[in-house]
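Participant: Got a structure for you, work-v1.cif, holding mmCIF, C-alpha atoms.
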```
data_target
loop_
_atom_site.label_atom_id
_atom_site.label_comp_id
_atom_site.auth_asym_id
_atom_site.auth_seq_id
_atom_site.Cartn_x
_atom_site.Cartn_y
_atom_site.Cartn_z
CA MET A 1 118.07 91.02 45.48
CA SER A 2 119.57 93.32 42.85
CA LEU A 3 122.74 95.28 43.38
CA ALA A 4 120.76 98.52 43.26
CA ALA A 5 118.59 97.36 46.15
CA ALA A 6 121.48 95.87 48.11
CA GLY A 7 123.20 99.26 48.59
CA PRO A 8 120.30 101.02 50.37
CA ALA A 9 119.66 97.88 52.42
CA ARG A 10 123.23 97.90 53.74
CA ILE A 11 123.03 101.58 54.53
CA THR A 12 119.80 100.95 56.47
CA ASP A 13 121.49 98.13 58.41
CA LEU A 14 124.22 100.57 59.46
CA VAL A 15 122.02 103.57 60.17
CA GLY A 16 119.55 101.63 62.31
CA PRO A 17 121.98 100.66 65.13
CA LEU A 18 123.67 104.05 64.91
CA ARG A 19 120.33 105.79 65.42
CA ARG A 20 119.49 103.58 68.39
CA HIS A 21 122.86 103.89 70.11
CA TRP A 22 123.98 107.39 69.10
CA PRO A 23 124.12 108.69 72.72
CA LEU A 24 126.98 106.22 73.21
CA LEU A 25 129.17 108.00 70.65
CA PRO A 26 130.50 110.59 73.15
CA LEU A 27 131.17 107.76 75.61
CA ALA A 28 133.12 105.78 73.01
CA ALA A 29 134.98 108.96 72.04
CA THR A 30 135.90 109.62 75.68
CA VAL A 31 137.71 106.28 75.74
CA LEU A 32 139.07 106.07 72.20
CA PHE A 33 140.30 109.68 71.95
CA LEU A 34 143.08 108.64 74.33
CA LEU A 35 144.69 107.11 71.25
CA ALA A 36 145.68 110.63 70.19
CA PRO A 37 149.39 111.13 70.98
CA LEU A 38 150.52 113.92 73.27
CA PRO A 39 152.98 116.48 71.85
CA ALA A 40 156.58 115.84 72.79
CA GLY A 41 157.47 117.59 76.01
CA ASP A 42 153.84 117.81 77.17
CA ALA A 43 154.41 115.29 79.89
CA THR A 44 151.31 115.44 81.99
CA ALA A 45 148.92 117.76 80.15
CA SER A 46 148.10 119.17 83.56
CA GLY A 47 145.62 121.99 83.41
CA LYS A 48 144.87 121.34 79.73
CA VAL A 49 141.70 119.98 78.18
CA GLY A 50 142.59 117.04 75.97
CA PRO A 51 140.42 115.38 73.32
CA ALA A 52 139.12 112.80 75.79
CA ASP A 53 138.19 115.51 78.30
CA ALA A 54 136.33 117.43 75.60
CA ALA A 55 134.45 114.25 74.67
CA SER A 56 133.50 113.72 78.32
CA LEU A 57 132.02 117.21 78.47
CA LEU A 58 130.01 116.41 75.34
CA LEU A 59 128.92 113.19 77.06
CA ALA A 60 127.59 115.18 80.02
CA LEU A 61 125.82 117.60 77.66
CA VAL A 62 124.14 114.76 75.73
CA CYS A 63 123.08 113.22 79.03
CA GLY A 64 121.47 116.49 80.08
CA VAL A 65 119.58 116.77 76.79
CA GLN A 66 118.41 113.17 76.98
CA ALA A 67 117.33 113.66 80.59
CA LEU A 68 115.18 116.62 79.61
CA ARG A 69 113.57 114.44 76.93
CA GLY A 70 112.95 111.65 79.45
CA ARG A 71 115.16 109.16 77.62
CA VAL A 72 117.52 108.08 80.39
CA ARG A 73 117.46 105.33 82.98
CA GLY A 74 115.82 105.94 86.33
CA LEU A 75 117.80 106.15 89.56
CA THR A 76 117.00 104.75 92.98
CA PRO A 77 117.41 106.98 96.06
CA LEU A 78 120.68 105.16 96.79
CA GLY A 79 121.90 106.00 93.29
CA VAL A 80 121.07 109.68 93.74
CA LEU A 81 122.90 109.71 97.08
CA VAL A 82 126.02 107.90 95.85
CA LEU A 83 126.34 109.99 92.69
CA GLY A 84 125.35 113.31 94.26
CA ALA A 85 127.12 113.27 97.63
CA PRO A 86 130.61 113.91 96.14
CA ALA A 87 129.38 117.19 94.63
CA VAL A 88 128.39 118.42 98.10
CA GLY A 89 131.70 117.38 99.63
CA LEU A 90 133.65 119.05 96.83
CA ALA A 91 131.71 122.27 97.23
CA VAL A 92 132.41 122.34 100.96
CA SER A 93 136.14 121.73 100.42
CA THR A 94 136.30 124.49 97.82
CA VAL A 95 134.47 127.11 99.88
CA THR A 96 136.46 126.37 103.05
CA ALA A 97 139.86 126.33 101.29
CA GLY A 98 142.42 128.94 102.25
CA ASP A 99 142.30 130.21 98.64
CA PRO A 100 138.93 129.29 97.06
CA TYR A 101 139.97 130.69 93.68
CA ALA A 102 143.03 128.44 93.58
CA ALA A 103 140.81 125.49 94.56
CA LEU A 104 138.28 126.16 91.80
CA PRO A 105 140.17 124.27 89.03
CA GLY A 106 140.36 121.28 91.35
CA PHE A 107 136.62 121.51 91.97
CA VAL A 108 135.93 121.44 88.23
CA ARG A 109 138.25 118.46 87.67
CA TYR A 110 136.85 116.44 90.55
CA LEU A 111 133.30 117.28 89.51
CA GLN A 112 134.04 116.04 86.00
CA VAL A 113 135.68 112.76 87.06
CA PHE A 114 133.62 111.79 90.11
CA VAL A 115 130.18 113.28 89.42
CA LEU A 116 129.39 114.28 85.83
CA VAL A 117 131.01 111.44 83.88
CA PRO A 118 129.81 108.62 86.22
CA ALA A 119 126.28 110.03 86.26
CA ALA A 120 126.23 110.35 82.47
CA VAL A 121 127.38 106.75 82.04
CA VAL A 122 124.75 105.44 84.46
CA LEU A 123 121.94 107.40 82.83
CA LEU A 124 122.84 106.89 79.16
CA VAL A 125 123.80 103.19 79.09
CA ARG A 126 120.37 101.63 78.79
CA ASP A 127 121.01 97.89 78.60
CA ALA A 128 123.63 95.16 78.69
CA ARG A 129 124.37 95.46 74.97
CA GLU A 130 125.35 99.11 75.33
CA PHE A 131 127.39 98.23 78.43
CA ARG A 132 129.32 95.68 76.36
CA ILE A 133 129.93 98.25 73.62
CA ALA A 134 131.40 100.65 76.16
CA ALA A 135 133.55 97.90 77.70
CA GLY A 136 134.78 96.84 74.25
CA CYS A 137 136.18 100.33 73.69
CA PHE A 138 138.58 99.71 76.59
CA VAL A 139 139.93 96.60 74.86
CA VAL A 140 140.44 98.45 71.57
CA LEU A 141 142.27 101.27 73.37
CA ALA A 142 144.44 98.77 75.27
CA LEU A 143 145.39 96.79 72.16
CA VAL A 144 146.50 99.86 70.22
CA GLN A 145 148.38 101.46 73.12
CA GLY A 146 149.91 98.09 74.00
CA ALA A 147 151.13 97.60 70.42
CA VAL A 148 152.80 101.02 70.52
CA GLY A 149 154.39 100.14 73.86
CA VAL A 150 155.79 96.82 72.65
CA ALA A 151 157.24 98.56 69.58
CA GLN A 152 158.88 101.11 71.88
CA PHE A 153 160.54 98.35 73.89
CA ALA A 154 161.69 96.49 70.78
CA THR A 155 163.11 99.58 69.07
CA HIS A 156 164.47 101.34 72.18
CA THR A 157 162.24 104.36 71.62
CA GLY A 158 160.34 104.22 74.92
CA ALA A 159 160.81 106.12 78.15
CA SER A 160 164.11 105.94 79.97
CA TYR A 161 164.43 103.05 82.44
CA GLN A 162 167.72 102.09 84.07
CA GLY A 163 169.64 104.03 81.44
CA GLU A 164 167.86 102.55 78.42
CA ASP A 165 164.91 103.93 76.44
CA ILE A 166 162.86 100.74 76.70
CA ARG A 167 159.95 101.48 79.03
CA ALA A 168 156.63 101.02 77.24
CA VAL A 169 154.55 104.18 77.67
CA GLY A 170 152.43 104.21 74.50
CA THR A 171 151.40 107.64 73.28
CA PHE A 172 151.28 109.11 76.80
CA GLY A 173 154.94 110.05 76.96
CA PRO A 174 157.51 109.60 79.75
CA GLY A 175 155.88 112.16 82.03
CA ASP A 176 152.82 109.91 82.37
CA VAL A 177 154.46 106.50 82.66
CA MET A 178 151.34 105.09 84.31
CA GLY A 179 149.10 106.11 81.39
CA MET A 180 149.73 103.17 79.08
CA ALA A 181 149.99 100.70 81.96
CA THR A 182 146.61 101.89 83.23
CA VAL A 183 144.70 101.61 79.95
CA VAL A 184 146.34 98.26 79.11
CA ALA A 185 145.35 96.94 82.54
CA TYR A 186 141.78 98.12 81.96
CA GLY A 187 141.62 96.26 78.65
CA LEU A 188 143.21 93.17 80.19
CA ILE A 189 140.60 93.04 82.96
CA VAL A 190 137.71 93.51 80.50
CA ALA A 191 139.09 90.80 78.21
CA THR A 192 139.68 88.40 81.11
CA ALA A 193 136.16 88.92 82.43
CA ALA A 194 134.67 88.37 78.97
CA ALA A 195 136.75 85.21 78.50
CA LEU A 196 135.45 83.80 81.78
CA ALA A 197 131.84 85.01 81.50
CA PRO A 198 129.43 82.06 81.48
CA GLY A 199 126.76 83.60 79.25
CA LEU A 200 128.75 84.84 76.26
CA PRO A 201 129.14 82.88 72.99
CA ALA A 202 132.17 80.57 72.80
CA ARG A 203 133.69 82.54 69.91
CA VAL A 204 133.53 85.79 71.86
CA ARG A 205 135.14 84.13 74.88
CA ARG A 206 137.99 82.73 72.76
CA ILE A 207 138.68 86.11 71.16
CA ALA A 208 138.59 87.79 74.57
CA GLY A 209 140.97 85.21 75.99
CA GLY A 210 143.41 85.82 73.15
CA CYS A 211 143.25 89.57 73.73
CA ALA A 212 143.92 89.06 77.44
CA LEU A 213 147.02 86.97 76.75
CA VAL A 214 148.32 89.50 74.23
CA LEU A 215 147.85 92.40 76.65
CA VAL A 216 149.99 90.73 79.30
CA VAL A 217 153.09 91.58 77.24
CA PRO A 218 152.79 95.40 77.19
CA LEU A 219 151.68 95.38 80.82
CA VAL A 220 154.88 93.60 81.79
CA LEU A 221 156.98 95.92 79.63
CA SER A 222 155.48 98.98 81.34
CA PHE A 223 157.57 98.07 84.41
CA SER A 224 154.77 99.52 86.54
CA ARG A 225 154.65 97.79 89.90
CA GLY A 226 151.38 99.45 90.84
CA ALA A 227 149.62 98.30 87.67
CA TRP A 228 150.90 94.76 88.20
CA ILE A 229 149.58 94.61 91.76
CA ALA A 230 146.17 96.08 90.91
CA THR A 231 145.78 93.80 87.88
CA PHE A 232 146.71 90.72 89.90
CA GLY A 233 144.17 91.56 92.58
CA ALA A 234 141.36 92.40 90.15
CA ALA A 235 142.07 89.29 88.05
CA LEU A 236 141.91 87.10 91.16
CA LEU A 237 138.51 88.57 92.02
CA VAL A 238 137.19 88.04 88.48
CA MET A 239 138.45 84.47 88.39
CA GLY A 240 137.02 83.75 91.83
CA LEU A 241 133.59 85.06 90.84
CA ALA A 242 133.67 83.17 87.53
CA GLY A 243 134.45 79.80 89.14
CA VAL A 244 137.42 77.67 90.10
CA ARG A 245 137.58 75.60 86.89
CA ARG A 246 137.65 78.63 84.62
CA ALA A 247 140.18 80.32 86.87
CA LEU A 248 142.56 77.35 86.67
CA LYS A 249 142.48 77.44 82.86
CA VAL A 250 143.42 81.12 82.87
CA LEU A 251 146.22 80.61 85.40
CA VAL A 252 147.70 77.77 83.35
CA ALA A 253 147.60 79.89 80.17
CA LEU A 254 149.22 82.87 81.92
CA ALA A 255 151.91 80.69 83.47
CA ALA A 256 152.73 79.21 80.06
CA LEU A 257 152.89 82.68 78.52
CA GLY A 258 155.19 83.89 81.29
CA VAL A 259 157.56 80.95 80.79
CA VAL A 260 157.70 81.55 77.03
CA LEU A 261 158.18 85.33 77.24
CA VAL A 262 160.52 85.72 80.18
CA GLY A 263 162.11 82.30 80.46
CA GLY A 264 162.28 81.29 76.81
CA LEU A 265 162.63 84.54 74.90
CA GLY A 266 164.17 86.54 77.72
CA VAL A 267 161.85 89.54 77.28
CA GLY A 268 163.16 91.95 79.90
CA SER A 269 163.74 89.05 82.32
CA GLU A 270 166.38 90.72 84.46
CA MET A 271 164.54 94.04 84.69
CA VAL A 272 161.20 92.38 85.40
CA ALA A 273 162.80 90.26 88.13
CA GLU A 274 164.43 93.35 89.65
CA ARG A 275 161.11 95.22 89.54
CA LEU A 276 159.26 92.34 91.18
CA THR A 277 161.90 92.06 93.89
CA SER A 278 161.62 95.78 94.65
CA ILE A 279 157.97 95.26 95.64
CA THR A 280 159.08 93.30 98.70
CA GLN A 281 161.80 95.82 99.62
CA VAL A 282 159.56 98.78 100.39
CA SER A 283 160.55 98.72 104.06
CA SER A 284 164.03 97.13 104.13
CA ALA A 285 165.77 98.80 101.18
CA PRO A 286 163.34 101.13 99.38
CA ASP A 287 164.39 103.05 96.29
CA GLN A 288 164.03 106.84 96.08
CA SER A 289 160.57 106.68 94.49
CA VAL A 290 159.28 104.61 97.40
CA THR A 291 160.94 106.95 99.92
CA ASP A 292 159.32 109.95 98.24
CA ARG A 293 155.95 108.21 98.32
CA TYR A 294 156.16 107.44 102.04
CA THR A 295 157.26 111.01 102.74
CA MET A 296 154.32 112.46 100.82
CA TRP A 297 151.91 110.06 102.51
CA ALA A 298 153.10 111.37 105.87
CA ALA A 299 152.70 114.96 104.61
CA ALA A 300 149.09 114.32 103.55
CA GLU A 301 148.32 112.78 106.94
CA SER A 302 149.86 115.80 108.65
CA MET A 303 147.66 118.14 106.60
CA TRP A 304 144.61 116.16 107.67
CA ARG A 305 145.56 116.39 111.33
CA GLU A 306 145.85 120.15 110.92
CA ARG A 307 142.32 120.44 109.44
CA PRO A 308 140.57 117.09 110.01
CA VAL A 309 137.05 118.01 108.88
CA VAL A 310 137.52 119.85 105.58
CA GLY A 311 141.27 119.52 104.84
CA VAL A 312 143.52 122.19 103.36
CA GLY A 313 141.34 122.60 100.25
CA LEU A 314 141.35 121.25 96.72
CA LYS A 315 144.68 121.69 94.92
CA GLY A 316 146.19 122.59 98.29
CA PHE A 317 148.67 119.73 98.61
CA PRO A 318 151.52 121.33 96.58
CA ALA A 319 151.33 124.57 98.56
CA HIS A 320 151.38 122.80 101.94
CA ARG A 321 153.71 119.93 101.02
CA ASP A 322 157.05 121.38 102.09
CA GLY A 323 155.67 122.56 105.44
CA HIS A 324 154.61 119.00 106.30
CA SER A 325 157.44 116.97 104.69
CA SER A 326 160.72 115.66 106.05
CA LEU A 327 164.14 116.22 104.47
CA GLY A 328 163.96 112.79 102.82
CA LEU A 329 161.75 114.14 100.01
CA SER A 330 163.58 114.61 96.70
CA SER A 331 163.11 117.57 94.39
CA GLY A 332 161.23 115.51 91.79
CA SER A 333 161.29 112.47 89.55
CA ASP A 334 163.48 112.22 86.45
CA THR A 335 161.80 111.61 83.08
CA ALA A 336 163.27 111.27 79.61
CA GLY A 337 162.98 109.32 76.38
CA ALA A 338 160.07 108.68 73.97
CA GLY A 339 160.80 111.89 72.09
CA GLN A 340 161.29 114.05 75.18
CA ALA A 341 164.45 115.54 76.64
CA PHE A 342 165.38 115.12 80.29
CA ILE A 343 162.83 116.79 82.59
CA LYS A 344 162.49 116.69 86.37
CA GLN A 345 158.81 116.37 87.21
CA PRO A 346 157.74 118.03 90.48
CA LEU A 347 156.00 115.93 93.12
CA LEU A 348 152.56 117.57 93.35
CA SER A 349 150.50 114.79 94.94
CA PRO A 350 150.99 112.04 97.54
CA HIS A 351 150.37 109.19 95.04
CA ASN A 352 147.59 107.80 97.21
CA MET A 353 144.07 108.87 96.30
CA TYR A 354 142.62 108.20 99.72
CA LEU A 355 145.31 110.25 101.50
CA LEU A 356 145.02 112.99 98.87
CA ILE A 357 141.29 113.25 99.59
CA LEU A 358 141.91 113.13 103.33
CA GLY A 359 144.57 115.85 103.24
CA GLU A 360 142.75 118.21 100.86
CA GLN A 361 139.09 117.49 101.70
CA GLY A 362 139.22 116.02 105.19
CA LEU A 363 136.75 113.53 106.58
CA THR A 364 133.92 115.28 104.72
CA GLY A 365 135.39 114.51 101.32
CA LEU A 366 136.59 111.04 102.25
CA LEU A 367 133.13 110.03 103.45
CA ALA A 368 131.43 111.47 100.35
CA LEU A 369 133.80 109.84 97.86
CA ALA A 370 135.26 106.70 99.42
CA GLY A 371 132.03 105.99 101.28
CA GLY A 372 130.14 105.98 98.00
CA TRP A 373 132.73 103.69 96.39
CA ALA A 374 132.39 101.22 99.26
CA ALA A 375 128.60 101.26 98.86
CA LEU A 376 128.93 100.58 95.12
CA LEU A 377 131.30 97.68 95.71
CA VAL A 378 129.02 96.02 98.24
CA ALA A 379 125.92 96.58 96.09
CA GLY A 380 127.73 95.24 93.03
CA LEU A 381 128.83 92.05 94.77
CA ARG A 382 125.32 91.51 96.12
CA ARG A 383 123.79 91.92 92.68
CA TYR A 384 126.26 89.48 91.17
CA ALA A 385 125.08 86.89 93.70
CA ASP A 386 121.44 87.60 92.78
CA ARG A 387 120.01 84.96 90.46
CA SER A 388 117.85 87.50 88.64
CA ALA A 389 120.99 88.98 87.05
CA ARG A 390 122.32 85.64 85.82
CA GLY A 391 121.78 86.45 82.13
CA ILE A 392 124.09 89.50 82.24
CA ARG A 393 126.75 88.37 84.68
CA ASP A 394 129.44 89.16 82.15
CA CYS A 395 128.63 92.84 82.76
CA GLY A 396 129.00 92.24 86.49
CA LEU A 397 132.39 90.59 86.06
CA ILE A 398 133.63 93.47 83.92
CA ALA A 399 132.26 96.18 86.20
CA LEU A 400 133.53 94.61 89.42
CA GLY A 401 136.93 93.78 87.93
CA LEU A 402 137.50 97.32 86.67
CA PHE A 403 136.21 98.88 89.88
CA VAL A 404 138.38 96.73 92.16
CA TRP A 405 141.39 97.50 89.95
CA GLN A 406 140.74 101.22 90.38
CA LEU A 407 140.18 101.02 94.13
CA THR A 408 143.38 99.01 94.54
CA ASP A 409 145.37 101.38 92.33
CA PHE A 410 144.18 104.29 94.47
CA LEU A 411 146.28 102.88 97.33
CA TYR A 412 149.48 104.05 95.61
CA ALA A 413 148.27 106.38 92.85
CA ASP A 414 145.88 109.28 92.39
CA ILE A 415 144.24 111.15 89.54
CA GLY A 416 146.38 113.00 87.04
CA GLY A 417 147.14 112.92 83.34
CA PRO A 418 144.92 112.36 80.30
CA SER A 419 143.77 108.88 81.35
CA THR A 420 142.12 110.31 84.48
CA VAL A 421 138.83 110.72 82.63
CA LEU A 422 138.58 106.92 82.35
CA THR A 423 138.30 106.77 86.14
CA GLY A 424 134.92 108.47 85.83
CA VAL A 425 133.82 106.02 83.13
CA ILE A 426 134.78 103.05 85.33
CA ILE A 427 132.92 104.44 88.33
CA GLY A 428 129.93 104.95 86.05
CA LEU A 429 130.05 101.36 84.77
CA ALA A 430 130.34 100.06 88.33
CA ALA A 431 127.36 102.21 89.38
CA TRP A 432 125.36 101.03 86.34
CA TRP A 433 125.84 97.44 87.48
CA ALA A 434 125.36 98.03 91.21
CA LEU A 435 122.35 100.36 90.89
CA PRO A 436 119.78 98.89 88.45
CA SER A 437 116.87 101.06 87.38
CA PRO A 438 113.91 100.92 89.77
CA GLY A 439 111.19 98.61 88.52
CA ARG A 440 113.19 97.53 85.45
CA ALA A 441 115.43 94.60 86.19
CA LEU A 442 117.74 93.78 83.32
CA ARG A 443 117.17 90.09 82.73
CA GLY A 444 118.64 87.63 80.27
CA PRO A 445 116.40 87.72 77.16
CA ALA A 446 115.95 91.50 77.15
CA ALA A 447 119.67 92.05 77.72
CA ARG A 448 120.62 89.77 74.86
#
```
As structure tokens, what does this structure read like?
Facilitator:
Amino acid sequence: MSLAAAGPARITDLVGPLRRHWPLLPLAATVLFLLAPLPAGDATASGKVGPADAASLLLALVCGVQALRGRVRGLTPLGVLVLGAPAVGLAVSTVTAGDPYAALPGFVRYLQVFVLVPAAVVLLVRDAREFRIAAGCFVVLALVQGAVGVAQFATHTGASYQGEDIRAVGTFGPGDVMGMATVVAYGLIVATAAALAPGLPARVRRIAGGCALVLVVPLVLSFSRGAWIATFGAALLVMGLAGVRRALKVLVALAALGVVLVGGLGVGSEMVAERLTSITQVSSAPDQSVTDRYTMWAAAESMWRERPVVGVGLKGFPAHRDGHSSLGLSSGSDTAGAGQAFIKQPLLSPHNMYLLILGEQGLTGLLALAGGWAALLVAGLRRYADRSARGIRDCGLIALGLFVWQLTDFLYADIGGPSTVLTGVIIGLAAWWALPSPGRALRGPAAR
């Protein structure tokens, strides 16, 4: 072939896949736009529409256009119920709130994260190949953010931790210390699942395994106890579903990496040990952050007891917090470093998603949201055990691992910050796996 003919041929090779998968571009942008750094001092970006949020709105718009053209996946009645019930619960909580206008921003945010984005992911991702593309974006995001975090630890330019600016926070800043830990954990779970997946090529599994080992470092340097616990639980589930032999290989590799990093090189060994020890001291000698968390949990429960059916209304926790809290609650958490001066962040949520839903939305909201998540988890596990899905079990491992991580993290965290939009993507990927299109089972050859 001549050079003149080779140029157009290469362009055709690039344009063809782009034309086929172009609806995935807003989905990829929703994940990858979180690489954009936040301005210094903009700790939480609360109430602001970031690049990732704008991309998610475009994702919902593209989904609507494709639905009108009949180019989306079908949904079973269970899928319609699970994806649509939260919208009803949110509407009820907004209308019955003491100040519906104040609750309206919360309604929009919840609708975006728990209804629009998950539904768009389920409808637009047509096959296992597109699922893998979406999952791969999480790994890319995690690797870049993790690299920034490790550099922050090495150069003492991270967030303040025990008097030193060494906490790895990536581009999220010290006001969102869970941001980098969250996205790195997402990438670690995806990479671990891909490394253990029985149907993927050996080269892909080796690359995924290498990425998983690399991502352990920034996760450790985030000093985030919650991310460690959720990652450990989700990784155990993934390894258990993948098989005992594969799980043992991963555990040996992780143990060796831990010995080299912490024992051999001394990477934050004392601080990591202190952080791990603090996990077991939540009742005997808790630090102030744990005391604040317990106090806010009790406040959310008290709000629910006051209005058990519909709660105090969306965005109502800050207004009702002091009336339901004890004197043990501090005025806020201290943040500094990573290009930001000292700021005291107010405590505006109970740091438990289930209690936040219960306090603000009552049993109505909890049943609509958490009930749907439980249904997705059960359906996802059942489909993974189904032999008809054997050819795409890597998608099941990824979806279940991410979903279990999120459900575990919700025990001591809630939505907030720029990375919140990824929660909707993960729920959508879990629903895509758990709720296959009616009459179109995704089997091995077609998925490949």
Participant: Between A:Val177, A:Gly401, A:Val82, A:Leu355, single out the one closest to Ala374 (chain A), counting all atoms listed in the file.
Facilitator: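 Ranked by minimum distance to Ala374 (chain A), first place goes to A:Val82.
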Participant: Can you work out the spacing between CA of Val139 (chain A) and CA of Ala242 (chain A) in Å, to one decimal?
Facilitator: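 Taking CA of Val139 (chain A) as the start and CA of Ala242 (chain A) as the end point, the length is 19.5 Å.
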Participant: From the list A:Ala85, A:Met239, A:Leu124, A:Leu90, which residue is nearest Trp432 (chain A) when using only C-alpha atoms?
Facilitator: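 Once distances to Trp432 (chain A) are computed over only C-alpha atoms, the minimum belongs to A:Leu124.
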Participant: Which one of A:Pro198, A:Gly380, A:Gly311, A:Gly210 sits closest to Ile392 (chain A) if you count only C-alpha atoms?
Facilitator: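 Between A:Pro198, A:Gly380, A:Gly311, A:Gly210, the residue approaching Ile392 (chain A) most closely is A:Pro198.
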Participant: CA of Gln66 (chain A) and CA of Thr423 (chain A) are how many Å apart?
Facilitator: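 Going from CA of Gln66 (chain A) over to CA of Thr423 (chain A) covers 22.8 Å.
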Participant: Of the residues A:Trp297, A:Phe138, A:Trp22, A:Trp405, which is the one nearest to Met353 (chain A), using only C-alpha atoms?
Facilitator: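 Comparing A:Trp297, A:Phe138, A:Trp22, A:Trp405 against Met353 (chain A), the winner is A:Trp297.
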Participant: Determine, using all atoms listed in the file, which residues of region 200-260 of chain A have any atom at most 9 Å from an atom of region 140-152 of chain A, and tabulate each with its shortest atom pair and distance in Å to one decimal place, rows ordered by chain and then rising number, as CSV.
Facilitator:
```
residue,atom,partner,partner_atom,distance
A:Cys211,CA,A:Leu143,CA,7.7
A:Val214,CA,A:Leu143,CA,8.1
A:Leu215,CA,A:Gly146,CA,6.6
A:Val217,CA,A:Val150,CA,7.5
A:Pro218,CA,A:Gly146,CA,5.1
A:Leu219,CA,A:Gly146,CA,7.5
A:Leu221,CA,A:Val150,CA,7.1
A:Ser222,CA,A:Gly149,CA,7.6
```
Participant: Compile the contact shell of region 59-64 of chain A as a PyMOL selection string: residues with an atom at most 6 Å away, counting all atoms listed in the file, same-chain residues fewer than 3 positions apart removed.
Facilitator: chain A and resi 26+56+67+120
Participant: As a check of understanding, name the residues that the PyMOL selection byres ((chain A and resi 113) around 12) selects in the supplied structure, as a PyMOL selection string.
Facilitator: chain A and resi 30+52-53+56-57+60+83+86-87+90+106-112+114-121+369+415-416+418-428
